[in-house]
$ cat upload22.pdb   # PDB, C-alpha atoms
ATOM      1  CA  MET A 127     -33.177  -8.339  -9.824  1.00  0.00           C
ATOM      2  CA  SER A 128     -31.136  -9.509 -12.828  1.00  0.00           C
ATOM      3  CA  GLY A 129     -27.891 -11.466 -12.561  1.00  0.00           C
ATOM      4  CA  LYS A 130     -25.893  -8.460 -13.762  1.00  0.00           C
ATOM      5  CA  GLY A 131     -27.524  -6.242 -11.133  1.00  0.00           C
ATOM      6  CA  LYS A 132     -26.665  -8.770  -8.414  1.00  0.00           C
ATOM      7  CA  ARG A 133     -23.044  -8.887  -9.546  1.00  0.00           C
ATOM      8  CA  THR A 134     -22.815  -5.125  -9.556  1.00  0.00           C
ATOM      9  CA  LEU A 135     -24.363  -4.943  -6.100  1.00  0.00           C
ATOM     10  CA  LEU A 136     -21.976  -7.627  -4.829  1.00  0.00           C
ATOM     11  CA  LEU A 137     -18.906  -5.844  -6.224  1.00  0.00           C
ATOM     12  CA  CYS A 138     -20.058  -2.482  -4.833  1.00  0.00           C
ATOM     13  CA  SER A 139     -20.684  -4.079  -1.448  1.00  0.00           C
ATOM     14  CA  LEU A 140     -17.221  -5.650  -1.513  1.00  0.00           C
ATOM     15  CA  LEU A 141     -15.620  -2.312  -2.357  1.00  0.00           C
ATOM     16  CA  LEU A 142     -17.482  -0.570   0.466  1.00  0.00           C
ATOM     17  CA  ALA A 143     -16.466  -3.327   2.887  1.00  0.00           C
ATOM     18  CA  VAL A 144     -12.785  -2.934   1.938  1.00  0.00           C
ATOM     19  CA  VAL A 145     -12.935   0.857   2.324  1.00  0.00           C
ATOM     20  CA  GLY A 146     -14.815   0.541   5.628  1.00  0.00           C
ATOM     21  CA  ALA A 147     -12.342  -1.984   6.987  1.00  0.00           C
ATOM     22  CA  GLY A 148      -9.412   0.208   5.977  1.00  0.00           C
ATOM     23  CA  TYR A 149     -10.962   3.234   7.664  1.00  0.00           C
ATOM     24  CA  ALA A 150     -11.809   1.258  10.801  1.00  0.00           C
ATOM     25  CA  ASN A 151      -8.269  -0.066  10.927  1.00  0.00           C
ATOM     26  CA  TYR A 152      -6.904   3.469  10.563  1.00  0.00           C
ATOM     27  CA  VAL A 153      -9.120   4.757  13.393  1.00  0.00           C
ATOM     28  CA  ILE A 154      -8.205   1.869  15.668  1.00  0.00           C
ATOM     29  CA  THR A 155      -4.461   2.120  15.064  1.00  0.00           C
ATOM     30  CA  SER A 156      -4.369   5.918  15.334  1.00  0.00           C
ATOM     31  CA  GLY A 157      -5.718   5.936  18.887  1.00  0.00           C
ATOM     32  CA  GLY A 158      -9.458   6.247  18.482  1.00  0.00           C
ATOM     33  CA  PHE A 159     -11.866   9.056  17.818  1.00  0.00           C
ATOM     34  CA  GLY A 160     -10.840  12.566  18.840  1.00  0.00           C
ATOM     35  CA  ALA A 161      -8.490  11.526  21.647  1.00  0.00           C
ATOM     36  CA  GLU A 162      -6.378  14.619  22.130  1.00  0.00           C
ATOM     37  CA  ILE A 163      -3.635  14.949  24.701  1.00  0.00           C
ATOM     38  CA  THR A 164      -1.268  17.911  24.720  1.00  0.00           C
ATOM     39  CA  PRO A 165       2.295  16.605  25.106  1.00  0.00           C
ATOM     40  CA  THR A 166       5.174  18.514  26.676  1.00  0.00           C
ATOM     41  CA  ALA A 167       7.929  19.993  24.490  1.00  0.00           C
ATOM     42  CA  GLN A 168      10.262  17.105  25.337  1.00  0.00           C
ATOM     43  CA  GLN A 169       7.577  14.552  24.489  1.00  0.00           C
ATOM     44  CA  GLN A 170       6.917  16.328  21.180  1.00  0.00           C
ATOM     45  CA  THR A 171      10.617  16.154  20.295  1.00  0.00           C
ATOM     46  CA  GLU A 172      10.778  12.461  21.216  1.00  0.00           C
ATOM     47  CA  GLN A 173       7.634  11.759  19.206  1.00  0.00           C
ATOM     48  CA  LYS A 174       9.088  13.482  16.132  1.00  0.00           C
ATOM     49  CA  GLU A 175      12.307  11.497  16.423  1.00  0.00           C
ATOM     50  CA  ASP A 176      10.404   8.223  16.876  1.00  0.00           C
ATOM     51  CA  ALA A 177       8.043   9.074  14.033  1.00  0.00           C
ATOM     52  CA  GLY A 178      10.959   9.811  11.718  1.00  0.00           C
ATOM     53  CA  GLN A 179      12.542   6.462  12.461  1.00  0.00           C
ATOM     54  CA  ASP A 180       9.403   4.328  12.462  1.00  0.00           C
ATOM     55  CA  VAL A 181       7.225   5.910   9.778  1.00  0.00           C
ATOM     56  CA  PHE A 182       8.440   3.489   7.112  1.00  0.00           C
ATOM     57  CA  ALA A 183       7.951   0.447   9.331  1.00  0.00           C
ATOM     58  CA  ALA A 184       4.503   1.687  10.398  1.00  0.00           C
ATOM     59  CA  PHE A 185       3.445   2.265   6.789  1.00  0.00           C
ATOM     60  CA  LYS A 186       4.634  -1.186   5.737  1.00  0.00           C
ATOM     61  CA  GLU A 187       2.812  -2.789   8.655  1.00  0.00           C
ATOM     62  CA  GLU A 188      -0.389  -0.894   7.852  1.00  0.00           C
ATOM     63  CA  ARG A 189      -0.072  -1.826   4.182  1.00  0.00           C
ATOM     64  CA  GLU A 190       0.367  -5.499   5.122  1.00  0.00           C
ATOM     65  CA  THR A 191      -2.690  -5.432   7.377  1.00  0.00           C
ATOM     66  CA  THR A 192      -4.812  -3.776   4.701  1.00  0.00           C
ATOM     67  CA  ARG A 193      -3.611  -6.203   2.031  1.00  0.00           C
ATOM     68  CA  THR A 194      -4.416  -9.169   4.262  1.00  0.00           C
ATOM     69  CA  GLN A 195      -7.948  -7.828   4.701  1.00  0.00           C
ATOM     70  CA  GLU A 196      -8.315  -7.220   0.964  1.00  0.00           C
ATOM     71  CA  MET A 197      -7.185 -10.773   0.200  1.00  0.00           C
ATOM     72  CA  SER A 198      -9.664 -12.091   2.759  1.00  0.00           C
ATOM     73  CA  TYR A 199     -12.533 -10.173   1.153  1.00  0.00           C
ATOM     74  CA  ILE A 200     -11.549 -11.362  -2.306  1.00  0.00           C
ATOM     75  CA  ASP A 201     -11.310 -14.952  -1.040  1.00  0.00           C
ATOM     76  CA  SER A 202     -14.806 -14.669   0.422  1.00  0.00           C
ATOM     77  CA  VAL A 203     -16.168 -13.550  -2.948  1.00  0.00           C
ATOM     78  CA  ILE A 204     -14.344 -16.384  -4.710  1.00  0.00           C
ATOM     79  CA  SER A 205     -15.584 -19.034  -2.281  1.00  0.00           C
ATOM     80  CA  SER A 206     -19.154 -17.739  -1.988  1.00  0.00           C
ATOM     81  CA  ALA A 207     -21.796 -20.063  -3.397  1.00  0.00           C
ATOM     82  CA  GLU A 208     -23.764 -17.008  -4.557  1.00  0.00           C
ATOM     83  CA  THR A 209     -20.933 -15.718  -6.753  1.00  0.00           C
ATOM     84  CA  ASP A 210     -21.402 -16.325 -10.461  1.00  0.00           C
ATOM     85  CA  GLU A 211     -18.557 -17.507 -12.678  1.00  0.00           C
ATOM     86  CA  LYS A 212     -17.790 -14.092 -14.226  1.00  0.00           C
ATOM     87  CA  THR A 213     -17.536 -12.371 -10.831  1.00  0.00           C
ATOM     88  CA  ARG A 214     -15.450 -15.245  -9.480  1.00  0.00           C
ATOM     89  CA  ASN A 215     -13.048 -14.920 -12.435  1.00  0.00           C
ATOM     90  CA  GLU A 216     -12.811 -11.135 -11.914  1.00  0.00           C
ATOM     91  CA  ALA A 217     -12.079 -11.649  -8.218  1.00  0.00           C
ATOM     92  CA  GLN A 218      -9.392 -14.232  -9.008  1.00  0.00           C
ATOM     93  CA  SER A 219      -7.844 -11.841 -11.514  1.00  0.00           C
ATOM     94  CA  GLN A 220      -7.909  -9.050  -8.924  1.00  0.00           C
ATOM     95  CA  LYS A 221      -6.251 -11.350  -6.383  1.00  0.00           C
ATOM     96  CA  LEU A 222      -3.474 -12.274  -8.823  1.00  0.00           C
ATOM     97  CA  SER A 223      -2.903  -8.610  -9.653  1.00  0.00           C
ATOM     98  CA  LEU A 224      -2.737  -7.678  -5.972  1.00  0.00           C
ATOM     99  CA  ALA A 225      -0.255 -10.489  -5.293  1.00  0.00           C
ATOM    100  CA  ALA A 226       1.928  -9.385  -8.218  1.00  0.00           C
ATOM    101  CA  ASN A 227       1.919  -5.787  -6.957  1.00  0.00           C
ATOM    102  CA  MET A 228       2.861  -6.960  -3.460  1.00  0.00           C
ATOM    103  CA  GLU A 229       5.781  -8.928  -4.841  1.00  0.00           C
ATOM    104  CA  SER A 230       6.965  -5.985  -6.979  1.00  0.00           C
ATOM    105  CA  GLU A 231       6.824  -3.656  -3.975  1.00  0.00           C
ATOM    106  CA  LEU A 232       8.787  -6.036  -1.768  1.00  0.00           C
ATOM    107  CA  LEU A 233      11.460  -6.723  -4.369  1.00  0.00           C
ATOM    108  CA  THR A 234      11.844  -3.054  -5.303  1.00  0.00           C
ATOM    109  CA  GLU A 235      12.151  -1.972  -1.659  1.00  0.00           C
ATOM    110  CA  GLY A 236      14.739  -4.696  -1.076  1.00  0.00           C
ATOM    111  CA  VAL A 237      16.862  -3.765  -4.080  1.00  0.00           C
ATOM    112  CA  ILE A 238      16.784  -0.049  -3.155  1.00  0.00           C
ATOM    113  CA  LYS A 239      17.832  -0.924   0.413  1.00  0.00           C
ATOM    114  CA  THR A 240      20.593  -3.233  -0.787  1.00  0.00           C
ATOM    115  CA  LYS A 241      21.936  -1.048  -3.583  1.00  0.00           C
ATOM    116  CA  LEU A 242      21.593   2.418  -2.023  1.00  0.00           C
ATOM    117  CA  GLY A 243      21.516   1.588   1.693  1.00  0.00           C
ATOM    118  CA  VAL A 244      18.319   3.548   2.398  1.00  0.00           C
ATOM    119  CA  ASN A 245      14.825   2.527   3.404  1.00  0.00           C
ATOM    120  CA  ALA A 246      12.063   3.119   0.906  1.00  0.00           C
ATOM    121  CA  VAL A 247       8.345   2.590   0.642  1.00  0.00           C
ATOM    122  CA  VAL A 248       7.095   1.578  -2.789  1.00  0.00           C
ATOM    123  CA  THR A 249       3.472   1.389  -3.877  1.00  0.00           C
ATOM    124  CA  VAL A 250       2.613  -0.215  -7.196  1.00  0.00           C
ATOM    125  CA  LYS A 251      -0.611   0.054  -9.186  1.00  0.00           C
ATOM    126  CA  GLU A 252      -1.073  -0.518 -12.869  1.00  0.00           C
ATOM    127  CA  GLY A 253       0.268   2.616 -14.536  1.00  0.00           C
ATOM    128  CA  ALA A 254       1.682   4.234 -11.367  1.00  0.00           C
ATOM    129  CA  VAL A 255       4.573   3.583  -9.001  1.00  0.00           C
ATOM    130  CA  ASN A 256       5.302   5.832  -6.017  1.00  0.00           C
ATOM    131  CA  VAL A 257       8.593   5.664  -4.140  1.00  0.00           C
ATOM    132  CA  VAL A 258       9.303   7.520  -0.898  1.00  0.00           C
ATOM    133  CA  VAL A 259      12.936   7.326   0.183  1.00  0.00           C
ATOM    134  CA  ASP A 260      14.182   7.817   3.752  1.00  0.00           C
ATOM    135  CA  LYS A 261      16.323  10.829   2.859  1.00  0.00           C
ATOM    136  CA  THR A 262      15.536  14.526   2.997  1.00  0.00           C
ATOM    137  CA  GLU A 263      17.244  15.210  -0.340  1.00  0.00           C
ATOM    138  CA  LEU A 264      18.032  13.069  -3.356  1.00  0.00           C
ATOM    139  CA  SER A 265      20.786  13.702  -5.886  1.00  0.00           C
ATOM    140  CA  ASP A 266      20.124  13.325  -9.590  1.00  0.00           C
ATOM    141  CA  SER A 267      22.293  10.201  -9.541  1.00  0.00           C
ATOM    142  CA  GLU A 268      20.217   8.627  -6.744  1.00  0.00           C
ATOM    143  CA  VAL A 269      16.970   9.446  -8.551  1.00  0.00           C
ATOM    144  CA  ALA A 270      18.336   7.851 -11.721  1.00  0.00           C
ATOM    145  CA  GLN A 271      19.418   4.716  -9.827  1.00  0.00           C
ATOM    146  CA  ILE A 272      16.034   4.417  -8.105  1.00  0.00           C
ATOM    147  CA  ALA A 273      14.182   4.946 -11.388  1.00  0.00           C
ATOM    148  CA  ASP A 274      16.309   2.238 -13.024  1.00  0.00           C
ATOM    149  CA  ILE A 275      15.569  -0.167 -10.169  1.00  0.00           C
ATOM    150  CA  VAL A 276      11.833   0.549 -10.293  1.00  0.00           C
ATOM    151  CA  MET A 277      11.645   0.186 -14.072  1.00  0.00           C
ATOM    152  CA  SER A 278      13.472  -3.159 -13.977  1.00  0.00           C
ATOM    153  CA  GLN A 279      11.326  -4.541 -11.120  1.00  0.00           C
ATOM    154  CA  THR A 280       7.909  -3.288 -12.247  1.00  0.00           C
ATOM    155  CA  ASP A 281       8.120  -2.944 -16.058  1.00  0.00           C
ATOM    156  CA  GLU A 282       6.662   0.563 -15.725  1.00  0.00           C
ATOM    157  CA  SER A 283       7.953   3.426 -17.858  1.00  0.00           C
ATOM    158  CA  ALA A 284       9.794   6.352 -16.272  1.00  0.00           C
ATOM    159  CA  SER A 285       6.782   8.613 -16.871  1.00  0.00           C
ATOM    160  CA  ASN A 286       4.709   6.423 -14.506  1.00  0.00           C
ATOM    161  CA  ILE A 287       7.221   6.575 -11.645  1.00  0.00           C
ATOM    162  CA  LYS A 288       7.199   9.205  -8.920  1.00  0.00           C
ATOM    163  CA  ILE A 289      10.244   9.348  -6.603  1.00  0.00           C
ATOM    164  CA  MET A 290      10.089  11.519  -3.498  1.00  0.00           C
ATOM    165  CA  PRO A 291      12.380  12.158  -0.545  1.00  0.00           C
ATOM    166  CA  LYS A 292      10.923  11.956   2.953  1.00  0.00           C
ATOM    167  CA  VAL A 293      10.046  15.456   4.077  1.00  0.00           C
TER     168      VAL A 293
END

$ encode --input "upload22.pdb" --output "structure tokens"
Amino acid sequence: MSGKGKRTLLLCSLLLAVVGAGYANYVITSGGFGAEITPTAQQQTEQKEDAGQDVFAAFKEERETTRTQEMSYIDSVISSAETDEKTRNEAQSQKLSLAANMESELLTEGVIKTKLGVNAVVTVKEGAVNVVVDKTELSDSEVAQIADIVMSQTDESASNIKIMPKV
């Protein structure tokens, strides 16, 4: 097998490992396979209230766990003796990009919380920023403020930003 074929196989394997780990983490944290218990009406109401309050914290925790796993996989590619220089450089570049996105998300969420007094979840990828705000409705003024914050923190244009209220 050629060197290019090995690199491609290694990168594909890494991608599958990241997706598999994310799925396994989701299954583990969501209570396992097919476990179904029918709650009472009171329990359903309590669950909805708890879910409404904790959904942002749960998402951020899940995102942190997934990012930690991704960084670990990238580090293993970088430190592997079998990794060629080009693949190692690509992995280092991917790690730097991931770290920059993490910082942008954290800063943007913090500024939205500080300036508008609401929780938000921000996800950043090159060319796309999604913002979910802990409000059921957003005024045009709030959307404009959030868009301004996101543009200043991420250097993305307004056309690449999607702002949504929590439903």

$ atom_distance --input "upload22.pdb" --atom1 "CA of Met197 (chain A)" --atom2 "CA of Ile287 (chain A)"
25.5 Å

$ resolve_selection --input "upload22.pdb" --expression "the PyMOL selection byres ((chain A and resi 249-257) around 10)" --output "PyMOL selection string"
chain A and resi 189+223-224+226-232+234-235+246-248+258-260+272-273+276-277+280-292

$ closest_residue --input "upload22.pdb" --among "A:Leu222, A:Glu268, A:Glu208, A:Thr155" --to "Glu187 (chain A)" --atoms "only C-alpha atoms"
A:Thr155

$ axis_aligned_box --input "upload22.pdb" --around "region 187-190 of chain A" --padding-each-side "6 Å" --output "lines of an AutoDock Vina configuration file"
center_x = 1.2
center_y = -3.2
center_z = 6.4
size_x = 15.2
size_y = 16.6
size_z = 16.5

$ closest_residue --input "upload22.pdb" --among "A:Ala217, A:Ala207, A:Ala225, A:Leu242" --to "Ile275 (chain A)" --atoms "all atoms listed in the file"
A:Leu242

$ closest_residue --input "upload22.pdb" --among "A:Ser267, A:Tyr199, A:Glu190, A:Lys261" --to "Lys221 (chain A)" --atoms "all atoms listed in the file"
A:Tyr199

$ decode --input "upload22.pdb" --residues "region 231-244 of chain A" --atoms "all heavy atoms" --output "mmCIF file, in the first residue's frame"
data_model
loop_
_atom_site.group_PDB
_atom_site.id
_atom_site.type_symbol
_atom_site.label_atom_id
_atom_site.label_comp_id
_atom_site.auth_asym_id
_atom_site.auth_seq_id
_atom_site.Cartn_x
_atom_site.Cartn_y
_atom_site.Cartn_z
ATOM 1 N N GLU A 231 -16.379 30.130 20.827
ATOM 2 C CA GLU A 231 -17.668 29.751 21.423
ATOM 3 C C GLU A 231 -17.773 30.239 22.859
ATOM 4 O O GLU A 231 -18.774 30.849 23.253
ATOM 5 C CB GLU A 231 -17.857 28.232 21.363
ATOM 6 C CG GLU A 231 -18.053 27.703 19.972
ATOM 7 C CD GLU A 231 -17.933 26.190 19.859
ATOM 8 O OE1 GLU A 231 -17.552 25.529 20.842
ATOM 9 O OE2 GLU A 231 -18.227 25.670 18.770
ATOM 10 N N LEU A 232 -16.742 29.997 23.638
ATOM 11 C CA LEU A 232 -16.741 30.392 25.045
ATOM 12 C C LEU A 232 -16.865 31.905 25.204
ATOM 13 O O LEU A 232 -17.682 32.398 25.994
ATOM 14 C CB LEU A 232 -15.468 29.887 25.729
ATOM 15 C CG LEU A 232 -15.326 30.219 27.211
ATOM 16 C CD1 LEU A 232 -16.396 29.500 28.028
ATOM 17 C CD2 LEU A 232 -13.950 29.823 27.710
ATOM 18 N N LEU A 233 -16.070 32.641 24.457
ATOM 19 C CA LEU A 233 -16.114 34.099 24.543
ATOM 20 C C LEU A 233 -17.464 34.648 24.093
ATOM 21 O O LEU A 233 -18.029 35.543 24.740
ATOM 22 C CB LEU A 233 -14.988 34.713 23.702
ATOM 23 C CG LEU A 233 -13.568 34.489 24.213
ATOM 24 C CD1 LEU A 233 -12.550 35.003 23.219
ATOM 25 C CD2 LEU A 233 -13.375 35.144 25.569
ATOM 26 N N THR A 234 -17.998 34.129 23.009
ATOM 27 C CA THR A 234 -19.279 34.608 22.491
ATOM 28 C C THR A 234 -20.397 34.329 23.482
ATOM 29 O O THR A 234 -21.234 35.198 23.750
ATOM 30 C CB THR A 234 -19.582 33.962 21.124
ATOM 31 O OG1 THR A 234 -18.491 34.220 20.232
ATOM 32 C CG2 THR A 234 -20.855 34.519 20.524
ATOM 33 N N GLU A 235 -20.422 33.111 24.040
ATOM 34 C CA GLU A 235 -21.445 32.783 25.044
ATOM 35 C C GLU A 235 -21.333 33.702 26.254
ATOM 36 O O GLU A 235 -22.352 34.169 26.787
ATOM 37 C CB GLU A 235 -21.311 31.320 25.478
ATOM 38 C CG GLU A 235 -21.716 30.335 24.409
ATOM 39 C CD GLU A 235 -21.337 28.894 24.711
ATOM 40 O OE1 GLU A 235 -20.664 28.630 25.728
ATOM 41 O OE2 GLU A 235 -21.718 28.020 23.908
ATOM 42 N N GLY A 236 -20.114 33.986 26.680
ATOM 43 C CA GLY A 236 -19.900 34.860 27.829
ATOM 44 C C GLY A 236 -20.353 36.287 27.580
ATOM 45 O O GLY A 236 -20.984 36.916 28.444
ATOM 46 N N VAL A 237 -20.056 36.817 26.407
ATOM 47 C CA VAL A 237 -20.462 38.187 26.093
ATOM 48 C C VAL A 237 -21.984 38.280 25.978
ATOM 49 O O VAL A 237 -22.593 39.235 26.470
ATOM 50 C CB VAL A 237 -19.761 38.693 24.808
ATOM 51 C CG1 VAL A 237 -20.313 40.047 24.384
ATOM 52 C CG2 VAL A 237 -18.259 38.773 25.013
ATOM 53 N N ILE A 238 -22.629 37.291 25.355
ATOM 54 C CA ILE A 238 -24.093 37.293 25.260
ATOM 55 C C ILE A 238 -24.701 37.256 26.653
ATOM 56 O O ILE A 238 -25.636 38.004 26.957
ATOM 57 C CB ILE A 238 -24.594 36.116 24.394
ATOM 58 C CG1 ILE A 238 -24.214 36.332 22.929
ATOM 59 C CG2 ILE A 238 -26.117 35.944 24.537
ATOM 60 C CD1 ILE A 238 -24.462 35.137 22.031
ATOM 61 N N LYS A 239 -24.172 36.405 27.520
ATOM 62 C CA LYS A 239 -24.675 36.298 28.902
ATOM 63 C C LYS A 239 -24.482 37.617 29.638
ATOM 64 O O LYS A 239 -25.381 38.096 30.326
ATOM 65 C CB LYS A 239 -23.950 35.153 29.628
ATOM 66 C CG LYS A 239 -24.306 35.016 31.084
ATOM 67 C CD LYS A 239 -25.701 34.494 31.262
ATOM 68 C CE LYS A 239 -25.963 34.207 32.743
ATOM 69 N NZ LYS A 239 -27.321 33.819 32.974
ATOM 70 N N THR A 240 -23.327 38.215 29.495
ATOM 71 C CA THR A 240 -23.022 39.456 30.202
ATOM 72 C C THR A 240 -23.837 40.633 29.664
ATOM 73 O O THR A 240 -24.392 41.414 30.431
ATOM 74 C CB THR A 240 -21.515 39.780 30.097
ATOM 75 O OG1 THR A 240 -20.775 38.665 30.614
ATOM 76 C CG2 THR A 240 -21.156 41.029 30.854
ATOM 77 N N LYS A 241 -23.912 40.746 28.359
ATOM 78 C CA LYS A 241 -24.558 41.908 27.750
ATOM 79 C C LYS A 241 -26.081 41.814 27.763
ATOM 80 O O LYS A 241 -26.759 42.806 28.003
ATOM 81 C CB LYS A 241 -24.050 42.073 26.324
ATOM 82 C CG LYS A 241 -24.337 43.425 25.722
ATOM 83 C CD LYS A 241 -23.544 43.622 24.457
ATOM 84 C CE LYS A 241 -23.741 45.035 23.940
ATOM 85 N NZ LYS A 241 -23.004 45.268 22.718
ATOM 86 N N LEU A 242 -26.621 40.617 27.510
ATOM 87 C CA LEU A 242 -28.074 40.470 27.392
ATOM 88 C C LEU A 242 -28.707 39.749 28.579
ATOM 89 O O LEU A 242 -29.934 39.697 28.693
ATOM 90 C CB LEU A 242 -28.428 39.729 26.098
ATOM 91 C CG LEU A 242 -27.983 40.404 24.804
ATOM 92 C CD1 LEU A 242 -28.266 39.507 23.609
ATOM 93 C CD2 LEU A 242 -28.655 41.747 24.641
ATOM 94 N N GLY A 243 -27.889 39.132 29.428
ATOM 95 C CA GLY A 243 -28.414 38.452 30.604
ATOM 96 C C GLY A 243 -29.142 37.151 30.317
ATOM 97 O O GLY A 243 -29.974 36.722 31.117
ATOM 98 N N VAL A 244 -28.844 36.510 29.183
ATOM 99 C CA VAL A 244 -29.474 35.231 28.854
ATOM 100 C C VAL A 244 -28.408 34.196 28.510
ATOM 101 O O VAL A 244 -27.344 34.540 27.995
ATOM 102 C CB VAL A 244 -30.472 35.340 27.670
ATOM 103 C CG1 VAL A 244 -31.649 36.229 28.019
ATOM 104 C CG2 VAL A 244 -29.802 35.831 26.406
#
